[in-house]
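Colleague: Below you'll find the structure I mean.
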Amino acid sequence: MELPEATNFIEQIINEELEAGKFEPVCNKLQVRFPPEPNGYPHIGHVKAMCINFGVKEKYGAKLNLRMDDTNPAKEDYEYVNSIVDAIKWLGFEYDKLVFASDYYDKLYEIAEKYIKDGVAYVCDLSAAEITATRGTLTEAGTPSPYRERSVKENLKLFREMKAGKYPDGAKVLRAKIDMASPNLNMRDPVIYRIAHVTHYRTGDKWCIYPMYDFAHPVSDAIEGVTHSLCSLEFENHRPLYNWFVEKAGFPAPLPRQIEFARLNISNTLMSKRYLKKLVDEGVVRGWDDPRMPTIAGIKNRGVPPEALKKFCADVGVAKAYSVVSQAQLDSCIRDELNASAERAMAVLNPVKLTITNYTGEEELAFDINPTKEDGGTRNIKFTGSVYIDRDDFSLNPPPKYKRLQKGGNVRLKGAYIVRCDDVKLNKNGEVQEILCTYFPETRSGSNAPTDIKAKGVIQWVDAKYGVDAEFRQYEPLLKDEEYPDQDYAERLNYDSEKKFNGKAEPYLAESEEGKAFQLMRTGYYKKCTEGGLVLSEIVSLKDNFNK
């Protein structure tokens, strides 16, 4: 079998193992998994892990289980399970089987009893605080528990009583008996089971003891026949414990191999489900799918194409070293995708009226739907000679090299005509109320008529007669830049991350389908929403700050 070309260090490891004959036959022997905990909505950081695991599945024809690591019933729920399934489906990934760690609770308990019988696990009466206090430090060995040498018979009796509900929460735990002097603190007799009289969203009240993640995760991998456990770098120090649990459980070779990669970190972006849940619970955002949220539900709701996220993760690559990726790189990928797919349209966020004094009647003008495509096509827009332009496109006191409209100056109305500003009406506050212009009929866009009349700038507009009212929403990151190291996220929250404007849009936007993405000329990419009226919600700005 000719192996696919390795494009990262994980694929290099897999290729080396395949060439060495570790998996015979090769076909359908590779097995990976994507194992989120259903305690919150998945966010953009999970997309990288998805791309890596599902990438192995697609490249090598491997099997992949979507496994919910649901060992903490106090925080888990079907709402989160469904959000994970929906996110994977939206991104276009397909798994072979949906499984749950809770499917294996009976088997995990059986293996825990095996540990006890083999003399490598014991019931400990120390509290959580006492266990922490006796664990030692990086330079000092831990202190063995006074309960470490209980007999197998006593440990089995106590563990079965824990399972039967005889003891309250925190009264006892089951610990692995490894090495209290290990230089790796994770190996200093970690907890395997704890008592928790909590109803599980799947198993109900069947259990009042629950396995710890560090035990349940590797053993679940082994139960499923996972060959490669691909996880983020924070689990690197847990790898010896991962191997210990699997080996002591007695699974046949080949045992699953844990390989770590650097997780995805993006500037000014919260990547913690705990903190994201706090934003939801405290009402800082409108929910898990708020367009400002880095959750996949929020990103989808914002109007970001799934292909842009996968392209972003591919560009970032797979590495071992910790790094922070610029938000500008993600925005650039979104922009590239939308530039190719989004229709063009016109809207003004801060409108001021422009009246062409020498124009009468109305007409239809051809407007390019998407000029990046050879067959992008055109649609007609109505023009009556009275339009709205953005206030920022006119200046009474223009700076040097100003290329938009000024008194006595020319500008082209996109897809229409060149106009010259002759006069301006001001309100009692001295603000521009109406701009009076002359148009030049021979300058109609696409007419190619000979003319000496030139314009330095082109601006968007919305017809005053046919334009519709619209609310525009623009977004900034939920986090401000750090002012000093280790600044708490709450101190960095941007409470002005959403800004709203009331403006005008061409009627085509109101008539289009819900959720459609548009490039609003010279403004940005926006998604059409309907919330009691036309709402245009920003996906990403037009300005590209990323140095490709």
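Identifiers for the structure tokens are assigned positionally: chains receive A, B, ... in sequence, residues are indexed from 1 per chain, and ligands are indexed from 1 in the order shown.
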If you count only C-alpha atoms, which residues fall within 7 Å of A:Leu536, apart from same-chain ones fewer than 5 positions away, as an NGL selection string?

Modeller: :A and (471-473 or 526-529)

Colleague: Write the residues of the selection above to a file with N, CA and C atoms, as a compact mmCIF listing (two decimals), in the first residue's frame.

Modeller:
```txt
# COMPACT_ATOMS: atom_id res chain seq x y z
N GLU A 471 -31.31 48.34 9.95
CA GLU A 471 -30.43 48.44 11.12
C GLU A 471 -29.15 47.70 10.80
N PHE A 472 -28.02 48.34 11.07
CA PHE A 472 -26.71 47.74 10.83
C PHE A 472 -26.05 47.45 12.16
N ARG A 473 -25.46 46.25 12.27
CA ARG A 473 -24.75 45.88 13.50
C ARG A 473 -23.29 45.59 13.16
N TYR A 526 -21.80 41.48 5.17
CA TYR A 526 -22.91 41.47 6.13
C TYR A 526 -23.87 40.33 5.81
N LYS A 527 -24.54 39.87 6.87
CA LYS A 527 -25.56 38.84 6.72
C LYS A 527 -26.93 39.46 6.89
N LYS A 528 -27.87 39.04 6.03
CA LYS A 528 -29.23 39.58 6.11
C LYS A 528 -30.01 38.82 7.19
N CYS A 529 -30.64 39.58 8.10
CA CYS A 529 -31.50 39.03 9.14
C CYS A 529 -32.82 39.79 9.12
```

Colleague: Counting only C-alpha atoms, what is within 12 Å of A:Asp214, bar same-chain residues fewer than 5 positions away, as a list in words?

Modeller: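 With the cut-off at 12 Å, the set is Asp69, Thr71, Arg175, Ala176, Asn186, Met187, Asp189, Pro190, Val191, Ile192, Tyr193, Val219, Ser220, Asp221, Phe235, Asn237, His238, Arg239, Pro240, Leu241, Tyr242, Asn243, Trp244, Phe245 and Val246 of chain A.
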
Colleague: Could you tell me which of A:Ala464, A:Met212, A:Leu158, A:Val123 comes closest to A:Asp70 if we count only C-alpha atoms?

Modeller: A:Met212

Colleague: Give one line per residue of stretch 269-347 of chain A that approaches stretch 82-101 of chain A to at most 8 Å, naming the two atoms of the closest pair and their distance in Å to one decimal, counting only C-alpha atoms; sort by chain then ascending residue number and deliver it as JSON lines.

Modeller:
```
{"residue": "A:Ile296", "atom": "CA", "partner": "A:Ala87", "partner_atom": "CA", "distance": 6.2}
{"residue": "A:Ala297", "atom": "CA", "partner": "A:Ala87", "partner_atom": "CA", "distance": 6.9}
{"residue": "A:Pro306", "atom": "CA", "partner": "A:Leu91", "partner_atom": "CA", "distance": 5.3}
{"residue": "A:Glu307", "atom": "CA", "partner": "A:Leu91", "partner_atom": "CA", "distance": 7.5}
{"residue": "A:Lys310", "atom": "CA", "partner": "A:Leu91", "partner_atom": "CA", "distance": 8.0}
```

Colleague: With a distance cut-off of 12 Å and only C-alpha atoms, select the neighbouring residues of A:Thr360, excluding the residue or stretch itself and same-chain residues fewer than 5 positions from it, and output the selection as a PyMOL selection string.

Modeller: chain A and resi 355+383-386+438-439+441

Colleague: Using only C-alpha atoms, which residue out of A:Thr357, A:Asn339, A:Asn410, A:Thr269 lies closest to A:Val324?

Modeller: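 Once distances to A:Val324 are computed over only C-alpha atoms, the minimum belongs to A:Thr269.
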
Colleague: May I ask for the distance between atom CA of A:Arg286 and atom CA of A:Ala517, given in Å to one decimal place?

Modeller: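 Computed distance, atom CA of A:Arg286 to atom CA of A:Ala517, equals 21.4 Å.
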
Colleague: Can you list, as a list in words, every residue of stretch 330-362 of chain A that DSSP puts in strand (DSSP E or B)?

Modeller: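 Listing strand (DSSP E or B) positions across stretch 330-362 of chain A yields Glu343, Arg344, Ala345, Ala347, Val348, Pro351, Val352, Lys353, Leu354, Thr355 and Ile356 of chain A.
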
Colleague: Could you give me, as a PDB file with all heavy atoms, in the first residue's frame, the residues within 10 Å of A:Asn39, counting only C-alpha atoms and dropping anything in the same chain fewer than 6 positions from it?

Modeller:
```
ATOM      1  N   MET A  68     -18.522  11.559  23.492  1.00  0.00           N
ATOM      2  CA  MET A  68     -18.782  12.546  24.524  1.00  0.00           C
ATOM      3  C   MET A  68     -18.158  12.059  25.830  1.00  0.00           C
ATOM      4  O   MET A  68     -18.577  11.052  26.385  1.00  0.00           O
ATOM      5  CB  MET A  68     -20.296  12.751  24.704  1.00  0.00           C
ATOM      6  CG  MET A  68     -21.021  13.142  23.431  1.00  0.00           C
ATOM      7  SD  MET A  68     -20.501  14.768  22.817  1.00  0.00           S
ATOM      8  CE  MET A  68     -21.238  14.728  21.170  1.00  0.00           C
ATOM      9  N   ASP A  69     -17.133  12.774  26.291  1.00  0.00           N
ATOM     10  CA  ASP A  69     -16.471  12.395  27.544  1.00  0.00           C
ATOM     11  C   ASP A  69     -17.261  12.968  28.715  1.00  0.00           C
ATOM     12  O   ASP A  69     -16.905  13.985  29.304  1.00  0.00           O
ATOM     13  CB  ASP A  69     -15.022  12.895  27.544  1.00  0.00           C
ATOM     14  CG  ASP A  69     -14.069  11.876  26.943  1.00  0.00           C
ATOM     15  OD1 ASP A  69     -14.443  10.698  26.848  1.00  0.00           O
ATOM     16  OD2 ASP A  69     -12.947  12.251  26.562  1.00  0.00           O
ATOM     17  N   ASP A  70     -18.342  12.267  29.027  1.00  0.00           N
ATOM     18  CA  ASP A  70     -19.318  12.795  30.004  1.00  0.00           C
ATOM     19  C   ASP A  70     -19.133  12.144  31.380  1.00  0.00           C
ATOM     20  O   ASP A  70     -19.954  11.331  31.809  1.00  0.00           O
ATOM     21  CB  ASP A  70     -20.742  12.609  29.481  1.00  0.00           C
ATOM     22  CG  ASP A  70     -21.057  11.169  29.086  1.00  0.00           C
ATOM     23  OD1 ASP A  70     -20.134  10.337  29.059  1.00  0.00           O
ATOM     24  OD2 ASP A  70     -22.237  10.875  28.803  1.00  0.00           O
ATOM     25  N   ASN A  72     -18.562  14.140  34.188  1.00  0.00           N
ATOM     26  CA  ASN A  72     -18.805  15.182  35.189  1.00  0.00           C
ATOM     27  C   ASN A  72     -20.268  15.623  35.098  1.00  0.00           C
ATOM     28  O   ASN A  72     -20.584  16.661  34.515  1.00  0.00           O
ATOM     29  CB  ASN A  72     -17.858  16.367  34.953  1.00  0.00           C
ATOM     30  CG  ASN A  72     -17.903  17.372  36.088  1.00  0.00           C
ATOM     31  OD1 ASN A  72     -18.591  17.172  37.088  1.00  0.00           O
ATOM     32  ND2 ASN A  72     -17.184  18.467  35.935  1.00  0.00           N
ATOM     33  N   PRO A  73     -21.189  14.827  35.671  1.00  0.00           N
ATOM     34  CA  PRO A  73     -22.628  15.040  35.437  1.00  0.00           C
ATOM     35  C   PRO A  73     -23.160  16.381  35.908  1.00  0.00           C
ATOM     36  O   PRO A  73     -24.189  16.839  35.402  1.00  0.00           O
ATOM     37  CB  PRO A  73     -23.277  13.884  36.218  1.00  0.00           C
ATOM     38  CG  PRO A  73     -22.257  13.488  37.239  1.00  0.00           C
ATOM     39  CD  PRO A  73     -20.930  13.709  36.583  1.00  0.00           C
ATOM     40  N   ALA A  74     -22.480  17.037  36.830  1.00  0.00           N
ATOM     41  CA  ALA A  74     -22.979  18.323  37.337  1.00  0.00           C
ATOM     42  C   ALA A  74     -22.962  19.404  36.272  1.00  0.00           C
ATOM     43  O   ALA A  74     -23.694  20.399  36.385  1.00  0.00           O
ATOM     44  CB  ALA A  74     -22.146  18.760  38.541  1.00  0.00           C
ATOM     45  N   LYS A  75     -22.160  19.235  35.220  1.00  0.00           N
ATOM     46  CA  LYS A  75     -21.993  20.294  34.222  1.00  0.00           C
ATOM     47  C   LYS A  75     -22.416  19.888  32.817  1.00  0.00           C
ATOM     48  O   LYS A  75     -22.300  20.682  31.886  1.00  0.00           O
ATOM     49  CB  LYS A  75     -20.528  20.751  34.194  1.00  0.00           C
ATOM     50  CG  LYS A  75     -20.067  21.385  35.495  1.00  0.00           C
ATOM     51  CD  LYS A  75     -18.641  21.894  35.389  1.00  0.00           C
ATOM     52  CE  LYS A  75     -18.206  22.585  36.670  1.00  0.00           C
ATOM     53  NZ  LYS A  75     -16.825  23.111  36.579  1.00  0.00           N
ATOM     54  N   GLU A  76     -22.907  18.679  32.636  1.00  0.00           N
ATOM     55  CA  GLU A  76     -23.145  18.166  31.285  1.00  0.00           C
ATOM     56  C   GLU A  76     -24.637  18.045  30.979  1.00  0.00           C
ATOM     57  O   GLU A  76     -25.456  17.847  31.879  1.00  0.00           O
ATOM     58  CB  GLU A  76     -22.442  16.808  31.134  1.00  0.00           C
ATOM     59  CG  GLU A  76     -20.925  16.946  31.257  1.00  0.00           C
ATOM     60  CD  GLU A  76     -20.212  15.669  31.630  1.00  0.00           C
ATOM     61  OE1 GLU A  76     -20.889  14.682  31.965  1.00  0.00           O
ATOM     62  OE2 GLU A  76     -18.975  15.660  31.592  1.00  0.00           O
ATOM     63  N   ASP A  77     -24.959  18.148  29.679  1.00  0.00           N
ATOM     64  CA  ASP A  77     -26.372  18.145  29.303  1.00  0.00           C
ATOM     65  C   ASP A  77     -26.510  17.809  27.821  1.00  0.00           C
ATOM     66  O   ASP A  77     -25.575  18.002  27.043  1.00  0.00           O
ATOM     67  CB  ASP A  77     -26.981  19.524  29.575  1.00  0.00           C
ATOM     68  CG  ASP A  77     -28.496  19.486  29.547  1.00  0.00           C
ATOM     69  OD1 ASP A  77     -29.108  19.109  30.554  1.00  0.00           O
ATOM     70  OD2 ASP A  77     -29.056  19.823  28.488  1.00  0.00           O
ATOM     71  N   TYR A  78     -27.696  17.329  27.436  1.00  0.00           N
ATOM     72  CA  TYR A  78     -27.965  17.015  26.025  1.00  0.00           C
ATOM     73  C   TYR A  78     -27.898  18.255  25.137  1.00  0.00           C
ATOM     74  O   TYR A  78     -27.612  18.152  23.939  1.00  0.00           O
ATOM     75  CB  TYR A  78     -29.340  16.357  25.882  1.00  0.00           C
ATOM     76  CG  TYR A  78     -29.302  14.859  26.033  1.00  0.00           C
ATOM     77  CD1 TYR A  78     -30.033  14.221  27.036  1.00  0.00           C
ATOM     78  CD2 TYR A  78     -28.539  14.060  25.163  1.00  0.00           C
ATOM     79  CE1 TYR A  78     -30.001  12.835  27.182  1.00  0.00           C
ATOM     80  CE2 TYR A  78     -28.498  12.684  25.306  1.00  0.00           C
ATOM     81  CZ  TYR A  78     -29.234  12.083  26.317  1.00  0.00           C
ATOM     82  OH  TYR A  78     -29.187  10.717  26.451  1.00  0.00           O
ATOM     83  N   GLU A  79     -28.193  19.436  25.703  1.00  0.00           N
ATOM     84  CA  GLU A  79     -28.076  20.674  24.918  1.00  0.00           C
ATOM     85  C   GLU A  79     -26.671  20.790  24.326  1.00  0.00           C
ATOM     86  O   GLU A  79     -26.491  21.156  23.162  1.00  0.00           O
ATOM     87  CB  GLU A  79     -28.365  21.891  25.795  1.00  0.00           C
ATOM     88  CG  GLU A  79     -28.171  23.223  25.068  1.00  0.00           C
ATOM     89  CD  GLU A  79     -28.243  24.437  25.978  1.00  0.00           C
ATOM     90  OE1 GLU A  79     -28.519  24.261  27.182  1.00  0.00           O
ATOM     91  OE2 GLU A  79     -28.026  25.564  25.483  1.00  0.00           O
ATOM     92  N   TYR A  80     -25.676  20.467  25.137  1.00  0.00           N
ATOM     93  CA  TYR A  80     -24.295  20.587  24.686  1.00  0.00           C
ATOM     94  C   TYR A  80     -23.921  19.456  23.727  1.00  0.00           C
ATOM     95  O   TYR A  80     -23.153  19.669  22.785  1.00  0.00           O
ATOM     96  CB  TYR A  80     -23.360  20.620  25.893  1.00  0.00           C
ATOM     97  CG  TYR A  80     -23.689  21.727  26.872  1.00  0.00           C
ATOM     98  CD1 TYR A  80     -23.785  21.486  28.241  1.00  0.00           C
ATOM     99  CD2 TYR A  80     -23.933  23.030  26.428  1.00  0.00           C
ATOM    100  CE1 TYR A  80     -24.098  22.502  29.139  1.00  0.00           C
ATOM    101  CE2 TYR A  80     -24.250  24.050  27.307  1.00  0.00           C
ATOM    102  CZ  TYR A  80     -24.335  23.776  28.668  1.00  0.00           C
ATOM    103  OH  TYR A  80     -24.648  24.786  29.534  1.00  0.00           O
ATOM    104  N   VAL A  81     -24.463  18.275  23.969  1.00  0.00           N
ATOM    105  CA  VAL A  81     -24.257  17.165  23.022  1.00  0.00           C
ATOM    106  C   VAL A  81     -24.753  17.575  21.641  1.00  0.00           C
ATOM    107  O   VAL A  81     -24.057  17.426  20.632  1.00  0.00           O
ATOM    108  CB  VAL A  81     -24.990  15.888  23.494  1.00  0.00           C
ATOM    109  CG1 VAL A  81     -24.939  14.797  22.413  1.00  0.00           C
ATOM    110  CG2 VAL A  81     -24.390  15.365  24.794  1.00  0.00           C
ATOM    111  N   LYS A 273     -14.479  27.338  27.670  1.00  0.00           N
ATOM    112  CA  LYS A 273     -15.925  27.141  27.785  1.00  0.00           C
ATOM    113  C   LYS A 273     -16.448  27.679  29.114  1.00  0.00           C
ATOM    114  O   LYS A 273     -17.575  28.178  29.187  1.00  0.00           O
ATOM    115  CB  LYS A 273     -16.273  25.658  27.632  1.00  0.00           C
ATOM    116  CG  LYS A 273     -16.221  25.156  26.212  1.00  0.00           C
ATOM    117  CD  LYS A 273     -16.772  23.745  26.073  1.00  0.00           C
ATOM    118  CE  LYS A 273     -15.832  22.709  26.577  1.00  0.00           C
ATOM    119  NZ  LYS A 273     -16.289  21.333  26.313  1.00  0.00           N
ATOM    120  N   ARG A 274     -15.615  27.597  30.145  1.00  0.00           N
ATOM    121  CA  ARG A 274     -16.033  28.100  31.463  1.00  0.00           C
ATOM    122  C   ARG A 274     -16.291  29.596  31.413  1.00  0.00           C
ATOM    123  O   ARG A 274     -17.318  30.087  31.892  1.00  0.00           O
ATOM    124  CB  ARG A 274     -14.946  27.781  32.486  1.00  0.00           C
ATOM    125  CG  ARG A 274     -15.239  28.282  33.886  1.00  0.00           C
ATOM    126  CD  ARG A 274     -14.312  27.611  34.888  1.00  0.00           C
ATOM    127  NE  ARG A 274     -12.922  27.961  34.643  1.00  0.00           N
ATOM    128  CZ  ARG A 274     -12.298  28.964  35.254  1.00  0.00           C
ATOM    129  NH1 ARG A 274     -12.954  29.728  36.106  1.00  0.00           N
ATOM    130  NH2 ARG A 274     -11.023  29.217  35.022  1.00  0.00           N
ATOM    131  N   LYS A 277     -19.315  30.380  29.096  1.00  0.00           N
ATOM    132  CA  LYS A 277     -20.581  30.133  29.807  1.00  0.00           C
ATOM    133  C   LYS A 277     -20.889  31.290  30.751  1.00  0.00           C
ATOM    134  O   LYS A 277     -22.055  31.695  30.912  1.00  0.00           O
ATOM    135  CB  LYS A 277     -20.508  28.822  30.591  1.00  0.00           C
ATOM    136  CG  LYS A 277     -21.836  28.404  31.222  1.00  0.00           C
ATOM    137  CD  LYS A 277     -21.719  27.045  31.875  1.00  0.00           C
ATOM    138  CE  LYS A 277     -23.084  26.547  32.344  1.00  0.00           C
ATOM    139  NZ  LYS A 277     -23.748  27.435  33.301  1.00  0.00           N
TER     140      LYS A 277
END
```

Colleague: Using only C-alpha atoms, find the one residue out of A:Ser497, A:Asn65, A:Asn350, A:Ser541 that sits nearest to A:Val284.

Modeller: A:Ser497

Colleague: In Å, with one decimal, what is the gap from atom CA of A:Gln519 to atom CA of A:Glu531?

Modeller: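 Going from atom CA of A:Gln519 over to atom CA of A:Glu531, I get 20.3 Å.
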